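J.: What follows is data07.cif; its format and atoms are mmCIF, C-alpha atoms.
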data_protein
loop_
_atom_site.label_atom_id
_atom_site.label_comp_id
_atom_site.auth_asym_id
_atom_site.auth_seq_id
_atom_site.Cartn_x
_atom_site.Cartn_y
_atom_site.Cartn_z
CA MET A 1 -19.27 -91.95 4.23
CA GLY A 2 -15.47 -92.10 4.08
CA ALA A 3 -13.48 -93.17 7.13
CA ASN A 4 -14.85 -95.89 9.35
CA LEU A 5 -16.40 -94.71 12.60
CA THR A 6 -15.65 -96.12 16.02
CA GLY A 7 -18.39 -98.21 17.57
CA LYS A 8 -19.11 -95.44 20.04
CA GLN A 9 -19.48 -92.78 17.34
CA ARG A 10 -21.53 -95.14 15.20
CA VAL A 11 -24.06 -95.66 18.01
CA LEU A 12 -24.13 -91.98 18.96
CA ASN A 13 -24.72 -90.98 15.34
CA ALA A 14 -27.53 -93.50 15.01
CA LEU A 15 -29.20 -92.21 18.18
CA GLN A 16 -28.87 -88.63 16.95
CA GLY A 17 -30.18 -89.36 13.46
CA LYS A 18 -26.81 -88.60 11.86
CA GLU A 19 -25.09 -90.45 9.03
CA VAL A 20 -23.26 -93.70 9.81
CA ASP A 21 -20.77 -95.74 7.82
CA ARG A 22 -22.85 -98.82 8.58
CA VAL A 23 -25.77 -99.59 10.89
CA PRO A 24 -24.48 -100.28 14.41
CA VAL A 25 -24.97 -103.69 16.03
CA LEU A 26 -25.48 -104.11 19.76
CA CYS A 27 -27.71 -105.64 22.42
CA VAL A 28 -29.39 -103.35 24.94
CA ASN A 29 -30.27 -106.38 27.10
CA GLN A 30 -28.30 -109.29 28.54
CA THR A 31 -25.26 -110.07 26.34
CA ALA A 32 -23.36 -112.97 27.98
CA THR A 33 -23.11 -116.43 26.41
CA TYR A 34 -21.42 -119.63 27.52
CA GLU A 35 -18.99 -119.50 24.59
CA GLN A 36 -17.96 -115.97 25.52
CA MET A 37 -17.38 -117.16 29.08
CA GLU A 38 -15.07 -119.91 27.84
CA LYS A 39 -13.13 -117.58 25.55
CA LEU A 40 -12.72 -114.93 28.25
CA GLN A 41 -12.42 -117.38 31.17
CA VAL A 42 -14.96 -115.35 33.10
CA PHE A 43 -18.05 -117.16 34.32
CA TRP A 44 -21.38 -116.89 36.07
CA PRO A 45 -22.19 -116.75 38.93
CA GLU A 46 -19.09 -114.66 39.76
CA ALA A 47 -19.77 -112.23 36.89
CA ASN A 48 -23.16 -111.44 38.40
CA TYR A 49 -21.67 -110.44 41.73
CA LYS A 50 -18.18 -108.99 41.27
CA ALA A 51 -17.41 -105.80 39.35
CA GLU A 52 -14.25 -106.90 37.55
CA GLN A 53 -15.73 -110.16 36.30
CA MET A 54 -18.97 -108.43 35.35
CA ALA A 55 -17.14 -105.82 33.29
CA ASN A 56 -14.78 -108.28 31.63
CA LEU A 57 -17.60 -110.59 30.56
CA ALA A 58 -19.72 -107.67 29.37
CA PHE A 59 -16.84 -106.36 27.27
CA GLY A 60 -16.97 -109.63 25.36
CA ALA A 61 -19.86 -108.14 23.38
CA ALA A 62 -17.21 -105.93 21.77
CA SER A 63 -14.01 -108.01 21.98
CA VAL A 64 -15.56 -111.37 21.03
CA LEU A 65 -18.74 -110.54 19.11
CA GLY A 66 -17.64 -107.31 17.46
CA PHE A 67 -20.63 -105.30 18.72
CA ASP A 68 -20.47 -101.51 18.85
CA ALA A 69 -21.70 -101.30 22.45
CA VAL A 70 -21.36 -103.13 25.75
CA ARG A 71 -23.85 -103.33 28.58
CA VAL A 72 -24.21 -104.25 32.26
CA PRO A 73 -25.75 -105.86 34.26
CA PHE A 74 -26.80 -109.27 32.98
CA CYS A 75 -29.70 -109.87 35.39
CA GLN A 76 -32.89 -107.97 36.27
CA THR A 77 -32.70 -108.21 40.06
CA ILE A 78 -30.19 -105.54 41.17
CA GLU A 79 -32.69 -102.90 42.36
CA ALA A 80 -35.18 -105.37 43.86
CA GLU A 81 -32.42 -107.06 45.87
CA ALA A 82 -31.21 -103.71 47.21
CA LEU A 83 -34.80 -102.92 48.20
CA GLY A 84 -34.89 -106.10 50.29
CA CYS A 85 -36.16 -108.89 48.03
CA THR A 86 -34.50 -112.28 48.46
CA VAL A 87 -32.64 -113.35 45.33
CA LYS A 88 -32.12 -116.92 44.18
CA ASP A 89 -28.68 -117.50 42.67
CA GLY A 90 -28.68 -118.65 39.05
CA GLY A 91 -25.52 -120.74 39.36
CA LYS A 92 -23.15 -121.28 36.43
CA GLU A 93 -25.82 -121.38 33.71
CA GLY A 94 -28.62 -119.09 34.87
CA LEU A 95 -29.25 -115.59 36.15
CA PRO A 96 -30.30 -114.47 39.63
CA SER A 97 -34.08 -114.33 40.07
CA ILE A 98 -36.46 -113.09 42.74
CA ARG A 99 -37.12 -115.82 45.33
CA ASP A 100 -39.44 -114.00 47.74
CA HIS A 101 -41.54 -110.89 47.26
CA LEU A 102 -41.25 -108.32 50.00
CA TYR A 103 -44.77 -106.97 50.39
CA LYS A 104 -48.43 -107.85 50.22
CA ILE A 105 -50.76 -105.28 48.63
CA GLY A 106 -51.58 -102.66 51.25
CA GLU A 107 -48.34 -103.00 53.20
CA PRO A 108 -46.41 -99.71 52.98
CA PRO A 109 -43.09 -100.15 51.15
CA VAL A 110 -39.92 -98.60 52.54
CA MET A 111 -37.15 -96.94 50.53
CA PRO A 112 -33.90 -97.74 52.38
CA ASP A 113 -31.81 -94.66 53.15
CA ASP A 114 -28.71 -96.65 52.20
CA PHE A 115 -30.21 -98.08 48.99
CA LEU A 116 -27.09 -97.30 46.93
CA GLN A 117 -24.89 -99.20 49.40
CA ARG A 118 -27.01 -102.34 49.47
CA GLY A 119 -26.81 -105.62 47.56
CA ARG A 120 -24.73 -105.45 44.38
CA ILE A 121 -25.32 -101.79 43.55
CA GLN A 122 -21.75 -100.72 44.25
CA GLU A 123 -20.36 -103.65 42.24
CA LEU A 124 -22.49 -102.61 39.27
CA ILE A 125 -21.30 -98.99 39.55
CA LYS A 126 -17.68 -100.20 39.67
CA ALA A 127 -18.34 -102.44 36.66
CA VAL A 128 -19.45 -99.43 34.60
CA LYS A 129 -16.27 -97.57 35.59
CA ILE A 130 -14.14 -100.54 34.52
CA LEU A 131 -16.10 -100.91 31.26
CA LYS A 132 -15.54 -97.23 30.54
CA GLU A 133 -11.79 -97.74 30.90
CA LEU A 134 -11.87 -100.79 28.64
CA ALA A 135 -14.05 -99.05 26.07
CA GLY A 136 -12.16 -95.77 25.91
CA ASP A 137 -13.44 -93.70 23.01
CA ASN A 138 -14.04 -96.75 20.85
CA ILE A 139 -17.02 -98.61 22.32
CA PHE A 140 -20.38 -97.31 23.57
CA VAL A 141 -21.21 -98.19 27.22
CA ILE A 142 -24.83 -98.82 28.27
CA GLY A 143 -25.99 -98.98 31.87
CA GLY A 144 -29.15 -100.97 32.43
CA ILE A 145 -31.90 -100.27 34.94
CA ILE A 146 -35.28 -101.89 35.51
CA GLY A 147 -38.44 -99.85 34.95
CA PRO A 148 -40.86 -98.89 37.73
CA PHE A 149 -43.64 -101.36 36.88
CA SER A 150 -41.22 -104.29 36.79
CA ILE A 151 -39.57 -103.39 40.09
CA ALA A 152 -43.02 -103.07 41.63
CA ALA A 153 -43.80 -106.57 40.32
CA SER A 154 -40.70 -107.88 42.08
CA LEU A 155 -41.84 -106.24 45.32
CA ILE A 156 -45.39 -107.66 45.38
CA GLY A 157 -45.40 -110.48 42.80
CA VAL A 158 -46.49 -110.79 39.19
CA THR A 159 -49.98 -112.13 39.94
CA GLU A 160 -50.70 -109.36 42.41
CA ILE A 161 -49.54 -106.54 40.18
CA LEU A 162 -51.53 -107.80 37.22
CA LYS A 163 -54.71 -108.31 39.25
CA SER A 164 -54.39 -104.91 40.90
CA SER A 165 -53.64 -103.20 37.58
CA TYR A 166 -57.06 -104.25 36.33
CA ARG A 167 -59.06 -103.86 39.52
CA LYS A 168 -57.46 -101.41 41.96
CA ALA A 169 -54.67 -99.57 40.20
CA ASP A 170 -54.47 -96.93 42.93
CA THR A 171 -53.19 -99.56 45.40
CA LEU A 172 -50.06 -99.95 43.25
CA GLU A 173 -48.88 -96.34 43.55
CA PRO A 174 -46.62 -96.80 46.62
CA TYR A 175 -44.79 -99.69 44.93
CA LEU A 176 -44.51 -97.87 41.60
CA GLU A 177 -43.12 -94.84 43.41
CA ILE A 178 -40.44 -96.96 45.11
CA GLY A 179 -39.68 -98.65 41.78
CA GLU A 180 -39.26 -95.31 40.04
CA ARG A 181 -37.07 -93.89 42.82
CA ALA A 182 -34.82 -96.95 42.92
CA GLY A 183 -34.23 -97.06 39.17
CA THR A 184 -33.71 -93.31 38.95
CA LEU A 185 -31.17 -93.26 41.80
CA LEU A 186 -29.26 -96.12 40.20
CA ALA A 187 -29.35 -94.53 36.74
CA LYS A 188 -27.86 -91.29 38.07
CA GLU A 189 -24.98 -93.23 39.65
CA LEU A 190 -24.35 -95.19 36.43
CA ILE A 191 -24.22 -91.88 34.55
CA LYS A 192 -21.66 -90.55 37.05
CA ALA A 193 -19.67 -93.76 36.57
CA GLY A 194 -19.41 -93.08 32.83
CA ALA A 195 -22.34 -94.75 31.07
CA ASP A 196 -22.95 -93.29 27.61
CA ALA A 197 -26.65 -94.22 27.71
CA ILE A 198 -29.19 -95.77 30.04
CA CYS A 199 -31.49 -98.58 28.95
CA ILE A 200 -34.75 -98.83 30.88
CA GLU A 201 -36.07 -102.40 30.78
CA ASP A 202 -39.71 -102.51 31.86
CA MET A 203 -40.39 -106.07 30.82
CA MET A 204 -43.60 -106.46 32.85
CA ALA A 205 -45.10 -103.57 30.88
CA SER A 206 -45.33 -105.80 27.79
CA LEU A 207 -48.67 -105.77 26.03
CA ASP A 208 -48.46 -109.56 26.31
CA MET A 209 -49.15 -108.92 30.02
CA ILE A 210 -51.26 -105.74 30.19
CA SER A 211 -53.61 -103.77 27.97
CA PRO A 212 -52.71 -100.51 26.18
CA LYS A 213 -55.13 -98.73 28.52
CA ILE A 214 -53.31 -100.00 31.61
CA TYR A 215 -49.98 -99.10 30.05
CA ARG A 216 -51.14 -95.52 29.49
CA GLU A 217 -52.88 -95.06 32.83
CA VAL A 218 -50.76 -97.11 35.27
CA VAL A 219 -47.30 -97.60 33.77
CA ALA A 220 -46.49 -94.64 31.51
CA PRO A 221 -46.77 -91.84 34.12
CA TRP A 222 -44.02 -93.43 36.22
CA GLU A 223 -41.81 -94.18 33.23
CA LYS A 224 -42.21 -90.56 32.14
CA LYS A 225 -41.34 -89.27 35.63
CA GLN A 226 -38.18 -91.38 35.55
CA ILE A 227 -37.18 -90.31 32.05
CA ASP A 228 -37.64 -86.64 32.94
CA GLN A 229 -35.12 -87.02 35.77
CA ILE A 230 -32.35 -88.89 33.93
CA ASN A 231 -32.42 -87.32 30.47
CA SER A 232 -28.92 -85.85 30.63
CA LEU A 233 -27.81 -88.48 28.09
CA PRO A 234 -29.52 -90.80 25.59
CA LEU A 235 -32.20 -93.04 27.08
CA ILE A 236 -33.33 -96.29 25.48
CA SER A 237 -36.65 -97.94 26.30
CA HIS A 238 -36.98 -101.70 26.07
CA ILE A 239 -40.30 -103.49 26.48
CA CYS A 240 -40.91 -106.93 24.98
CA GLY A 241 -43.96 -107.87 22.95
CA LYS A 242 -46.04 -106.30 20.20
CA LEU A 243 -45.88 -102.62 21.15
CA ASP A 244 -47.62 -101.13 18.12
CA ALA A 245 -50.58 -99.79 20.11
CA VAL A 246 -48.35 -97.81 22.53
CA MET A 247 -45.46 -96.83 20.25
CA ASP A 248 -46.60 -93.20 20.27
CA ASP A 249 -46.90 -93.24 24.06
CA ILE A 250 -43.33 -94.43 24.47
CA ALA A 251 -41.96 -92.05 21.85
CA ALA A 252 -43.66 -89.07 23.50
CA MET A 253 -41.70 -89.62 26.71
CA GLY A 254 -38.51 -88.23 25.21
CA VAL A 255 -36.38 -91.34 24.71
CA ALA A 256 -33.60 -91.44 22.13
CA GLY A 257 -34.23 -95.05 21.16
CA ILE A 258 -36.89 -97.75 21.41
CA SER A 259 -35.78 -101.38 21.47
CA VAL A 260 -38.43 -103.78 20.15
CA GLU A 261 -39.03 -107.37 19.19
CA PRO A 262 -39.50 -108.12 15.46
CA LYS A 263 -43.23 -108.75 16.04
CA VAL A 264 -43.57 -104.93 16.04
CA ASN A 265 -44.51 -103.57 12.60
CA ALA A 266 -41.30 -101.67 11.80
CA VAL A 267 -42.68 -99.68 8.88
CA GLU A 268 -45.63 -98.39 10.91
CA ALA A 269 -43.41 -97.73 13.95
CA LEU A 270 -40.93 -95.69 11.90
CA ALA A 271 -43.75 -93.63 10.41
CA LYS A 272 -44.88 -92.76 13.94
CA LEU A 273 -41.37 -91.95 15.15
CA LYS A 274 -40.76 -89.56 12.26
CA GLN A 275 -43.56 -87.31 13.55
CA TYR A 276 -41.46 -86.17 16.51
CA ASN A 277 -39.15 -83.16 16.41
CA HIS A 278 -36.11 -85.15 17.49
CA PRO A 279 -34.60 -88.41 16.22
CA ILE A 280 -35.86 -91.63 17.84
CA ALA A 281 -33.90 -94.71 16.85
CA LEU A 282 -35.76 -97.97 16.27
CA ILE A 283 -33.57 -100.76 17.66
CA GLY A 284 -33.92 -104.50 17.04
CA GLY A 285 -34.78 -106.53 13.97
CA VAL A 286 -33.50 -110.00 14.93
CA ASP A 287 -35.62 -112.46 16.92
CA ALA A 288 -33.57 -113.55 19.93
CA VAL A 289 -35.02 -117.06 20.12
CA GLN A 290 -36.37 -118.12 16.71
CA THR A 291 -33.53 -116.64 14.67
CA LEU A 292 -30.50 -116.21 16.91
CA PHE A 293 -30.85 -119.21 19.20
CA SER A 294 -32.73 -121.65 16.97
CA GLY A 295 -31.82 -120.48 13.48
CA THR A 296 -28.67 -120.43 11.37
CA ALA A 297 -25.96 -117.85 10.75
CA GLU A 298 -27.37 -117.37 7.25
CA ALA A 299 -30.83 -116.70 8.67
CA VAL A 300 -29.42 -114.17 11.13
CA LYS A 301 -27.55 -112.35 8.39
CA ALA A 302 -30.66 -112.31 6.20
CA ALA A 303 -32.80 -110.97 9.08
CA THR A 304 -30.20 -108.27 9.70
CA ILE A 305 -30.19 -107.14 6.06
CA LYS A 306 -34.00 -107.16 5.98
CA ALA A 307 -34.17 -105.04 9.16
CA ILE A 308 -31.70 -102.52 7.75
CA GLU A 309 -33.77 -102.29 4.57
CA GLU A 310 -36.89 -101.71 6.70
CA GLY A 311 -35.19 -98.76 8.37
CA TYR A 312 -33.98 -99.96 11.78
CA ALA A 313 -31.40 -97.46 13.05
CA MET A 314 -29.59 -100.12 15.07
CA ILE A 315 -29.55 -103.90 14.78
CA ALA A 316 -30.08 -105.85 17.98
CA PRO A 317 -31.72 -109.00 19.29
CA GLY A 318 -35.34 -108.28 20.19
CA CYS A 319 -34.65 -109.34 23.78
CA SER A 320 -31.88 -110.74 25.98
CA ILE A 321 -29.44 -113.06 24.22
CA PRO A 322 -30.06 -116.69 25.23
CA PRO A 323 -26.76 -117.75 26.86
CA ALA A 324 -26.44 -120.90 24.74
CA THR A 325 -26.56 -118.91 21.47
CA PRO A 326 -23.56 -119.84 19.26
CA LEU A 327 -21.01 -117.12 18.56
CA GLU A 328 -21.26 -117.53 14.80
CA ARG A 329 -24.91 -116.48 14.84
CA LEU A 330 -24.23 -113.41 16.95
CA LYS A 331 -21.34 -112.40 14.71
CA ALA A 332 -23.64 -112.84 11.71
CA MET A 333 -25.49 -109.67 12.76
CA VAL A 334 -22.25 -107.73 12.32
CA GLU A 335 -21.64 -109.48 9.00
CA GLY A 336 -25.10 -108.45 7.82
CA SER A 337 -24.45 -104.85 8.76
CA ILE A 338 -21.11 -104.83 6.96
CA ALA A 339 -22.80 -106.33 3.88
CA CYS A 340 -25.04 -103.25 3.79
CA GLN A 341 -22.18 -100.81 4.42
CA LYS A 342 -22.45 -97.52 2.55
#
Turn the structure described in the file into structure tokens.

T.:
Amino acid sequence: MGANLTGKQRVLNALQGKEVDRVPVLCVNQTATYEQMEKLQVFWPEANYKAEQMANLAFGAASVLGFDAVRVPFCQTIEAEALGCTVKDGGKEGLPSIRDHLYKIGEPPVMPDDFLQRGRIQELIKAVKILKELAGDNIFVIGGIIGPFSIAASLIGVTEILKSSYRKADTLEPYLEIGERAGTLLAKELIKAGADAICIEDMMASLDMISPKIYREVVAPWEKKQIDQINSLPLISHICGKLDAVMDDIAAMGVAGISVEPKVNAVEALAKLKQYNHPIALIGGVDAVQTLFSGTAEAVKAATIKAIEEGYAMIAPGCSIPPATPLERLKAMVEGSIACQK
């Protein structure tokens, strides 16, 4: 390909199965690091609560790291907090987490009429608008939501949702319904605010936590319902763990991209994705902990080149970026992509 593409066009082309000048590099999960905070003079916890700081730190993925896309939010508690869960602040070095679960199994959950006005929802929407202004036509903007099963886990607790998934899955339906509605409402607002894609993180749906059977019977129907309602732009699914057994199930939902950890067999996954009548981008290739956080820049570059050779459509960490990851290792993903440039 001749002229270099913008980051935004590079990502769009990759999602649409079109030619790219080089494989795009991004992170569909949490992108902030302590070194970025120092360079940008924007820090947690403020960047988890205020739109301007959130957007400015998120844009560091492009301005500091050289990634082709930016993404908000950093934490996984926005919807649960707006639904009424108590959130523990992560301070300067950590992310907000759920302190108290709202319901016990059997207690009817309530969807607040003013859900979109609660907690930090409006700050997140404003952050996407600011990111869109910063990105212009050059950088791809991703809005992140949490999947139904994971929001339900925040509402009733991890132990309860896992036990009930195996024993009394029908008791989970009210919480899954609220989880789906919350994420879908938020996604639609992030789309209005200018997001170019939505990433659905359903981390509790990992096959490290549940069986393929439970994924298909309990989780997938609600993910599919959500995807059907917000498919006006590209949707990216992210679930950690070894997803090989449910790769077809995820692909069949109609997503444009699937973000995976390197423990997934890329060759087998790509063979499955090619069976569908629309492009589905495989995203990932670099282990977030073993390679990015604990490895070397050379190892990151080598992993990037290997992933491109395997056929990944986009290079990304397999999960959220550990905040203490050095900049040189993150930039090495971009260097690896450039080394393979057509």

J.: When you look at Met111 (chain A) with a cut-off of 9 Å (counting all atoms listed in the file), what residues show up, excluding the ones that are within fewer than 3 positions of it in the same chain? I need them as a PyMOL selection string.

T.: chain A and resi 83+114-115+178+181-182

J.: Residues within 8 Å of Gln341 (chain A), please, as a VMD selection string. Count all atoms listed in the file; anything in the same chain fewer than 5 positions from it doesn't count.

T.: chain A and resid 21 to 23

J.: Edge lengths and centre in Å to one decimal, as AutoDock Vina command-line options, of the axis-aligned box that encloses all listed atoms of region 285-300 of chain A with 3 Å added on every side?

T.:
--center_x -31.2 --center_y -114.1 --center_z 13.7 --size_x 16.4 --size_y 21.1 --size_z 18.9

J.: Could you spell out the hits of the PyMOL selection byres ((chain A and resi 130) around 10) on the shown file, as a ChimeraX atom specification?

T.: /A:51-56,59,124-129,131-135,193-194

J.: So that I can check the surroundings of Ala220 (chain A), please list as a short mmCIF file (atom, residue, chain, number, x, y, z; two decimals) with C-alpha atoms, keeping the file's coordinate frame every protein, DNA and RNA residue that reaches within 9 Å of it, counting all atoms listed in the file and ignoring chain neighbours fewer than 4 positions away.

T.:
data_model
loop_
_atom_site.label_atom_id
_atom_site.label_comp_id
_atom_site.auth_asym_id
_atom_site.auth_seq_id
_atom_site.Cartn_x
_atom_site.Cartn_y
_atom_site.Cartn_z
CA ILE A 214 -53.31 -100.00 31.61
CA TYR A 215 -49.98 -99.10 30.05
CA ARG A 216 -51.14 -95.52 29.49
CA LYS A 224 -42.21 -90.56 32.14
CA LYS A 225 -41.34 -89.27 35.63
CA ASP A 249 -46.90 -93.24 24.06
CA ILE A 250 -43.33 -94.43 24.47
CA MET A 253 -41.70 -89.62 26.71
#

J.: Quick one: distance from CA of Glu177 (chain A) to CA of Asp208 (chain A) in Å, one decimal?

T.: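 Interatomic distance here is 23.2 Å.
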
J.: For the structure provided, state which residues fall under the PyMOL selection byres ((chain A and resi 210) around 12), and present them as a PyMOL selection string.

T.: chain A and resi 149+158-159+161-166+203-209+211-219+239-243+245-246
